[in-house]
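Read the structure below first, then the notes.
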Amino acid sequence: MIQRSLTQLFAVLLGFMLFVPASQAQTAQTKQAHVVILATGGTIAGTGATSTTTVGYTAAKVGVEGLIKAVPELSKVARVTGEQVFQIASESMTNEHWLTLAKRVNTLLAQADVDGIVITHGTDTLEETAYFLNLVVKSRKPVVLVGAMRPSTAISADGPINLYNAVLLAASPEAVGKGVLVCLNDQINGARDVTKTNTATMDTFKSTDLGLLGYIQGSKAYFYRASTRKHTVDTEFDVSNLSALPAVDIVYGYANVTPVALNAFVAAGDKGIIHAGTGDGSLAAQMVPALKAARAKGAIIVRASRTGTGILARNGEANDDELDFVVADTLNAQKARILLMLALTKTSNTKDIQRMFWTY
Ligand code: DGL
């Protein structure tokens, strides 16, 4: 009798011991954040002819499942699923791609079972897609853009570790509410201020004067700063019902510049022009009549700078009040274009648009 009771007791204890780890593992699995990887192409998905090919490779070749399969460690930091949204080199990104991507992101983040999103992307226009999403994503959940400077076939390719870090960041509670983030080279940058600063090196993404937000180290995200400008759920922009964005183009300032390009954009019906001027957004004398004519036709003119850093002072190098122009604050020309496009979906009032450039 005692023997039988001991056997039964042992069986119960053994079952409990087996059940607890399984339930813990199951709990751990259910506790793991669900991160969706949206793949769009770029070098991170690129392939080269040899392992030493780091230029002259082909971008946008490896599919999202291939990217995930190449980094089995992803399963240690999140439950990952993947979607191939596009497969392009990012210099070919368009407004239509952005609208499709933003709508997919917002649909996924509205789902309770999605905790964060990673977007794999070419580095050429990565900063632009990041800033666009920073202004139109309607969730506090993490959205992290990631790319690579070496193709997947290269020695010491940076894509796999960048993808691992990006998924880890998207699964991190610390990343909630920080706005859209860019994560390469073990660094965390904010969408508003980051820019690609080098044609080829792996430290290319920098927030120049305004600085990075934090680091990824030892499989953990460390934040030291946060953006002071409004983003995501705090913006006034909504693209859910848009199928196109207003036409806005950029003209570049330089010695001997002529208004030929400007006049062509205006003739094509542009609603806005970003003037990436020399220095503090200076306007060459030969450009002013054409800029005034463009404004008179209703185009919004934003003065930006080709320098890449610093505040674009209102009424500094030009009388913006008199010209009825807008200044870009610290946004570079390509990001000023994005904000002006979205601003034009709401208003054509220059005072209101100037407020937006001082808000986002
Ligand atoms: N064609 C460039 C792009 O897709 C390659 C650069 C990269 O992804 O690093 O942005």
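Chains: A, B, ... in order of the structure tokens. Residues: from 1 per chain. Ligands: from 1, in order shown.
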Which residues of chain A sit at most 10 Å from ligand 1, using only C-alpha atoms and all ligand atoms? Give each one's shortest atom pair and distance in Å (one decimal place), in chain and ascending residue order, as JSON lines.
{"residue": "A:Thr40", "atom": "CA", "partner": "ligand 1", "partner_atom_place_in_ligand_line": "4 (O)", "distance": 9.0}
{"residue": "A:Gly41", "atom": "CA", "partner": "ligand 1", "partner_atom_place_in_ligand_line": "4 (O)", "distance": 6.5}
{"residue": "A:Gly42", "atom": "CA", "partner": "ligand 1", "partner_atom_place_in_ligand_line": "4 (O)", "distance": 3.5}
{"residue": "A:Thr43", "atom": "CA", "partner": "ligand 1", "partner_atom_place_in_ligand_line": "8 (O)", "distance": 3.6}
{"residue": "A:Ile44", "atom": "CA", "partner": "ligand 1", "partner_atom_place_in_ligand_line": "8 (O)", "distance": 6.1}
{"residue": "A:Ala45", "atom": "CA", "partner": "ligand 1", "partner_atom_place_in_ligand_line": "8 (O)", "distance": 8.0}
{"residue": "A:Gly46", "atom": "CA", "partner": "ligand 1", "partner_atom_place_in_ligand_line": "8 (O)", "distance": 7.7}
{"residue": "A:Thr54", "atom": "CA", "partner": "ligand 1", "partner_atom_place_in_ligand_line": "9 (O)", "distance": 10.0}
{"residue": "A:Val55", "atom": "CA", "partner": "ligand 1", "partner_atom_place_in_ligand_line": "5 (C)", "distance": 9.1}
{"residue": "A:Gly56", "atom": "CA", "partner": "ligand 1", "partner_atom_place_in_ligand_line": "5 (C)", "distance": 9.6}
{"residue": "A:Tyr57", "atom": "CA", "partner": "ligand 1", "partner_atom_place_in_ligand_line": "5 (C)", "distance": 8.8}
{"residue": "A:Thr58", "atom": "CA", "partner": "ligand 1", "partner_atom_place_in_ligand_line": "1 (N)", "distance": 7.9}
{"residue": "A:Ala59", "atom": "CA", "partner": "ligand 1", "partner_atom_place_in_ligand_line": "1 (N)", "distance": 5.7}
{"residue": "A:Ala60", "atom": "CA", "partner": "ligand 1", "partner_atom_place_in_ligand_line": "4 (O)", "distance": 7.0}
{"residue": "A:Gln87", "atom": "CA", "partner": "ligand 1", "partner_atom_place_in_ligand_line": "4 (O)", "distance": 9.5}
{"residue": "A:Ile88", "atom": "CA", "partner": "ligand 1", "partner_atom_place_in_ligand_line": "4 (O)", "distance": 6.7}
{"residue": "A:Ala89", "atom": "CA", "partner": "ligand 1", "partner_atom_place_in_ligand_line": "4 (O)", "distance": 3.4}
{"residue": "A:Ser90", "atom": "CA", "partner": "ligand 1", "partner_atom_place_in_ligand_line": "4 (O)", "distance": 3.9}
{"residue": "A:Glu91", "atom": "CA", "partner": "ligand 1", "partner_atom_place_in_ligand_line": "10 (O)", "distance": 5.5}
{"residue": "A:Ser92", "atom": "CA", "partner": "ligand 1", "partner_atom_place_in_ligand_line": "4 (O)", "distance": 7.9}
{"residue": "A:Met93", "atom": "CA", "partner": "ligand 1", "partner_atom_place_in_ligand_line": "4 (O)", "distance": 8.9}
{"residue": "A:Thr120", "atom": "CA", "partner": "ligand 1", "partner_atom_place_in_ligand_line": "8 (O)", "distance": 9.2}
{"residue": "A:His121", "atom": "CA", "partner": "ligand 1", "partner_atom_place_in_ligand_line": "8 (O)", "distance": 6.4}
{"residue": "A:Gly122", "atom": "CA", "partner": "ligand 1", "partner_atom_place_in_ligand_line": "8 (O)", "distance": 3.1}
{"residue": "A:Thr123", "atom": "CA", "partner": "ligand 1", "partner_atom_place_in_ligand_line": "8 (O)", "distance": 4.1}
{"residue": "A:Asp124", "atom": "CA", "partner": "ligand 1", "partner_atom_place_in_ligand_line": "10 (O)", "distance": 3.7}
{"residue": "A:Thr125", "atom": "CA", "partner": "ligand 1", "partner_atom_place_in_ligand_line": "10 (O)", "distance": 6.0}
{"residue": "A:Leu126", "atom": "CA", "partner": "ligand 1", "partner_atom_place_in_ligand_line": "10 (O)", "distance": 7.1}
{"residue": "A:Val146", "atom": "CA", "partner": "ligand 1", "partner_atom_place_in_ligand_line": "8 (O)", "distance": 9.4}
{"residue": "A:Gly147", "atom": "CA", "partner": "ligand 1", "partner_atom_place_in_ligand_line": "8 (O)", "distance": 6.0}
{"residue": "A:Ala148", "atom": "CA", "partner": "ligand 1", "partner_atom_place_in_ligand_line": "9 (O)", "distance": 5.0}
{"residue": "A:Met149", "atom": "CA", "partner": "ligand 1", "partner_atom_place_in_ligand_line": "9 (O)", "distance": 4.3}
{"residue": "A:Arg150", "atom": "CA", "partner": "ligand 1", "partner_atom_place_in_ligand_line": "9 (O)", "distance": 6.7}
{"residue": "A:Pro151", "atom": "CA", "partner": "ligand 1", "partner_atom_place_in_ligand_line": "9 (O)", "distance": 7.8}
{"residue": "A:Gly159", "atom": "CA", "partner": "ligand 1", "partner_atom_place_in_ligand_line": "9 (O)", "distance": 9.4}
{"residue": "A:Lys196", "atom": "CA", "partner": "ligand 1", "partner_atom_place_in_ligand_line": "9 (O)", "distance": 9.8}
{"residue": "A:Thr199", "atom": "CA", "partner": "ligand 1", "partner_atom_place_in_ligand_line": "6 (C)", "distance": 8.4}
{"residue": "A:Ala200", "atom": "CA", "partner": "ligand 1", "partner_atom_place_in_ligand_line": "9 (O)", "distance": 7.8}
{"residue": "A:Thr201", "atom": "CA", "partner": "ligand 1", "partner_atom_place_in_ligand_line": "9 (O)", "distance": 9.6}
{"residue": "A:Met202", "atom": "CA", "partner": "ligand 1", "partner_atom_place_in_ligand_line": "9 (O)", "distance": 9.1}
{"residue": "A:Thr204", "atom": "CA", "partner": "ligand 1", "partner_atom_place_in_ligand_line": "9 (O)", "distance": 9.7}
Just asking: which residues within segment 61-248 of chain A are strand (DSSP E) according to DSSP, as a PyMOL selection string?
chain A and resi 79-88+116-120+143-146+181-184+187-190+195-196+205-206+214-217+220-223+248
Written file, previous selection with N, CA, C and O atoms, as a compact mmCIF listing (two decimals), in the first residue's frame:
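Final file, part.txt:
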# COMPACT_ATOMS: atom_id res chain seq x y z
N ARG A 79 8.82 36.90 -31.29
CA ARG A 79 8.13 36.03 -32.22
C ARG A 79 8.01 36.84 -33.52
O ARG A 79 7.38 37.90 -33.51
N VAL A 80 8.66 36.37 -34.56
CA VAL A 80 8.79 37.17 -35.78
C VAL A 80 7.95 36.58 -36.91
O VAL A 80 7.95 35.37 -37.13
N THR A 81 7.21 37.44 -37.59
CA THR A 81 6.56 37.06 -38.86
C THR A 81 6.99 38.09 -39.91
O THR A 81 7.37 39.21 -39.56
N GLY A 82 6.91 37.70 -41.17
CA GLY A 82 7.42 38.59 -42.21
C GLY A 82 6.46 38.77 -43.37
O GLY A 82 5.65 37.89 -43.66
N GLU A 83 6.53 39.96 -43.99
CA GLU A 83 5.75 40.26 -45.21
C GLU A 83 6.66 40.97 -46.19
O GLU A 83 7.44 41.85 -45.81
N GLN A 84 6.57 40.59 -47.47
CA GLN A 84 7.33 41.29 -48.51
C GLN A 84 6.45 42.37 -49.11
O GLN A 84 5.59 42.10 -49.94
N VAL A 85 6.60 43.60 -48.66
CA VAL A 85 5.72 44.68 -49.13
C VAL A 85 6.14 45.14 -50.53
O VAL A 85 5.32 45.31 -51.42
N PHE A 86 7.45 45.38 -50.71
CA PHE A 86 8.01 45.65 -52.05
C PHE A 86 9.34 44.93 -52.12
O PHE A 86 9.80 44.37 -51.13
N GLN A 87 9.99 44.99 -53.29
CA GLN A 87 11.36 44.47 -53.42
C GLN A 87 12.10 45.42 -54.37
O GLN A 87 12.24 45.14 -55.57
N ILE A 88 12.52 46.60 -53.82
CA ILE A 88 13.12 47.62 -54.68
C ILE A 88 14.37 48.19 -54.04
O ILE A 88 14.56 48.13 -52.82
N GLY A 116 5.18 45.36 -32.44
CA GLY A 116 6.14 46.27 -33.04
C GLY A 116 6.39 45.88 -34.48
O GLY A 116 6.04 44.77 -34.90
N ILE A 117 7.00 46.80 -35.23
CA ILE A 117 7.26 46.56 -36.65
C ILE A 117 8.70 46.93 -36.97
O ILE A 117 9.23 47.93 -36.48
N VAL A 118 9.34 46.09 -37.77
CA VAL A 118 10.65 46.40 -38.33
C VAL A 118 10.48 46.48 -39.85
O VAL A 118 9.82 45.63 -40.44
N ILE A 119 11.04 47.53 -40.43
CA ILE A 119 10.98 47.70 -41.88
C ILE A 119 12.39 47.60 -42.44
O ILE A 119 13.25 48.44 -42.11
N THR A 120 12.65 46.58 -43.26
CA THR A 120 13.96 46.48 -43.91
C THR A 120 13.90 47.30 -45.19
O THR A 120 12.91 47.24 -45.93
N VAL A 143 8.24 51.36 -34.23
CA VAL A 143 8.46 51.11 -35.66
C VAL A 143 9.94 51.41 -35.91
O VAL A 143 10.41 52.52 -35.61
N VAL A 144 10.68 50.42 -36.37
CA VAL A 144 12.13 50.55 -36.52
C VAL A 144 12.54 50.28 -37.96
O VAL A 144 12.20 49.23 -38.52
N LEU A 145 13.23 51.23 -38.58
CA LEU A 145 13.75 51.00 -39.93
C LEU A 145 15.19 50.52 -39.85
O LEU A 145 15.96 51.01 -39.01
N VAL A 146 15.53 49.58 -40.71
CA VAL A 146 16.87 48.99 -40.69
C VAL A 146 17.33 48.72 -42.11
O VAL A 146 16.51 48.43 -42.99
N LEU A 181 12.05 54.92 -35.34
CA LEU A 181 13.47 54.84 -35.03
C LEU A 181 14.24 54.22 -36.20
O LEU A 181 13.67 53.48 -37.00
N VAL A 182 15.52 54.55 -36.27
CA VAL A 182 16.43 53.99 -37.28
C VAL A 182 17.56 53.30 -36.53
O VAL A 182 18.18 53.88 -35.64
N CYS A 183 17.77 52.02 -36.83
CA CYS A 183 18.75 51.24 -36.05
C CYS A 183 19.73 50.52 -36.97
O CYS A 183 19.38 49.52 -37.61
N LEU A 184 20.92 51.02 -37.08
CA LEU A 184 22.03 50.38 -37.78
C LEU A 184 23.28 50.63 -36.95
O LEU A 184 23.34 51.57 -36.16
N GLN A 187 23.52 51.64 -33.27
CA GLN A 187 23.07 52.94 -32.79
C GLN A 187 21.57 53.10 -33.05
O GLN A 187 21.03 52.56 -34.02
N ILE A 188 20.92 53.87 -32.17
CA ILE A 188 19.49 54.17 -32.29
C ILE A 188 19.39 55.66 -32.61
O ILE A 188 19.84 56.51 -31.83
N ASN A 189 18.83 55.97 -33.77
CA ASN A 189 18.61 57.38 -34.15
C ASN A 189 17.13 57.64 -34.32
O ASN A 189 16.36 56.73 -34.64
N GLY A 190 16.74 58.90 -34.14
CA GLY A 190 15.36 59.29 -34.35
C GLY A 190 15.11 59.64 -35.81
O GLY A 190 15.99 60.15 -36.50
N THR A 195 20.34 61.21 -40.85
CA THR A 195 20.55 61.32 -42.30
C THR A 195 21.72 60.45 -42.71
O THR A 195 22.59 60.14 -41.89
N LYS A 196 21.73 60.03 -43.97
CA LYS A 196 22.84 59.22 -44.49
C LYS A 196 23.98 60.18 -44.83
O LYS A 196 23.82 61.07 -45.66
N PHE A 205 24.84 56.48 -40.94
CA PHE A 205 23.67 57.18 -40.41
C PHE A 205 24.04 57.96 -39.15
O PHE A 205 24.49 57.37 -38.15
N LYS A 206 23.86 59.27 -39.22
CA LYS A 206 24.17 60.13 -38.07
C LYS A 206 23.07 61.17 -37.93
O LYS A 206 22.43 61.56 -38.89
N GLY A 214 20.35 56.63 -28.66
CA GLY A 214 20.83 55.58 -27.77
C GLY A 214 21.60 54.51 -28.53
O GLY A 214 22.01 54.72 -29.67
N TYR A 215 21.83 53.40 -27.84
CA TYR A 215 22.64 52.31 -28.40
C TYR A 215 21.94 50.99 -28.20
O TYR A 215 21.11 50.84 -27.29
N ILE A 216 22.35 50.00 -28.99
CA ILE A 216 22.05 48.61 -28.70
C ILE A 216 23.37 47.98 -28.27
O ILE A 216 24.37 48.09 -28.97
N GLN A 217 23.38 47.39 -27.11
CA GLN A 217 24.62 46.74 -26.64
C GLN A 217 24.25 45.49 -25.85
O GLN A 217 23.35 45.53 -24.99
N LYS A 220 20.56 44.53 -25.68
CA LYS A 220 19.66 45.40 -24.91
C LYS A 220 19.69 46.80 -25.49
O LYS A 220 20.73 47.27 -25.97
N ALA A 221 18.52 47.47 -25.46
CA ALA A 221 18.41 48.84 -25.97
C ALA A 221 18.63 49.82 -24.82
O ALA A 221 18.05 49.68 -23.74
N TYR A 222 19.48 50.83 -25.05
CA TYR A 222 19.76 51.87 -24.05
C TYR A 222 19.42 53.22 -24.66
O TYR A 222 20.00 53.63 -25.65
N PHE A 223 18.46 53.92 -24.06
CA PHE A 223 18.09 55.26 -24.53
C PHE A 223 18.69 56.32 -23.60
O PHE A 223 18.65 56.17 -22.38
N VAL A 248 5.62 68.12 -54.72
CA VAL A 248 6.61 69.04 -54.16
C VAL A 248 7.99 68.58 -54.62
O VAL A 248 8.29 67.38 -54.54
Mind giving me the straight-line distance from atom CA of Pro173 of chain A to atom CA of Val77 of chain A in Å, one decimal?
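Value for the atom CA of Pro173 of chain A-atom CA of Val77 of chain A distance: 12.4 Å.
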So, with only C-alpha atoms as the atoms that count, which of A:Ala284, A:Ala333, A:Ala343, A:Ala171 lies closest to Tyr254 of chain A?
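Nearest candidate to Tyr254 of chain A out of A:Ala284, A:Ala333, A:Ala343, A:Ala171: A:Ala284.
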I'd like the contact shell of segment 316-328 of chain A - 10 Å cut-off, only C-alpha atoms, skipping same-chain residues fewer than 4 positions apart - returned as JSON, numbers by chain.
{"A": [274, 275, 276, 277, 279, 280, 281, 282, 283, 288, 291, 292, 295, 296, 299, 300, 301, 302, 303, 304, 305, 311, 312, 332, 333, 335, 336, 337, 339, 340, 349, 350, 351, 352, 353, 354, 355, 356, 357, 358]}
I need the residue nearest Leu245 of chain A from this list: A:Leu109, A:His97, A:Ala285, A:Arg306. Use only C-alpha atoms for the distance.
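Ranking A:Leu109, A:His97, A:Ala285, A:Arg306 by distance to Leu245 of chain A, first place goes to A:His97.
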Write down as a PyMOL selection string the residues of segment 14-245 of chain A whose backbone DSSP state falls under alpha helix (DSSP H).
chain A and resi 14-31+64-69+74-77+95-109+126-136+159-170
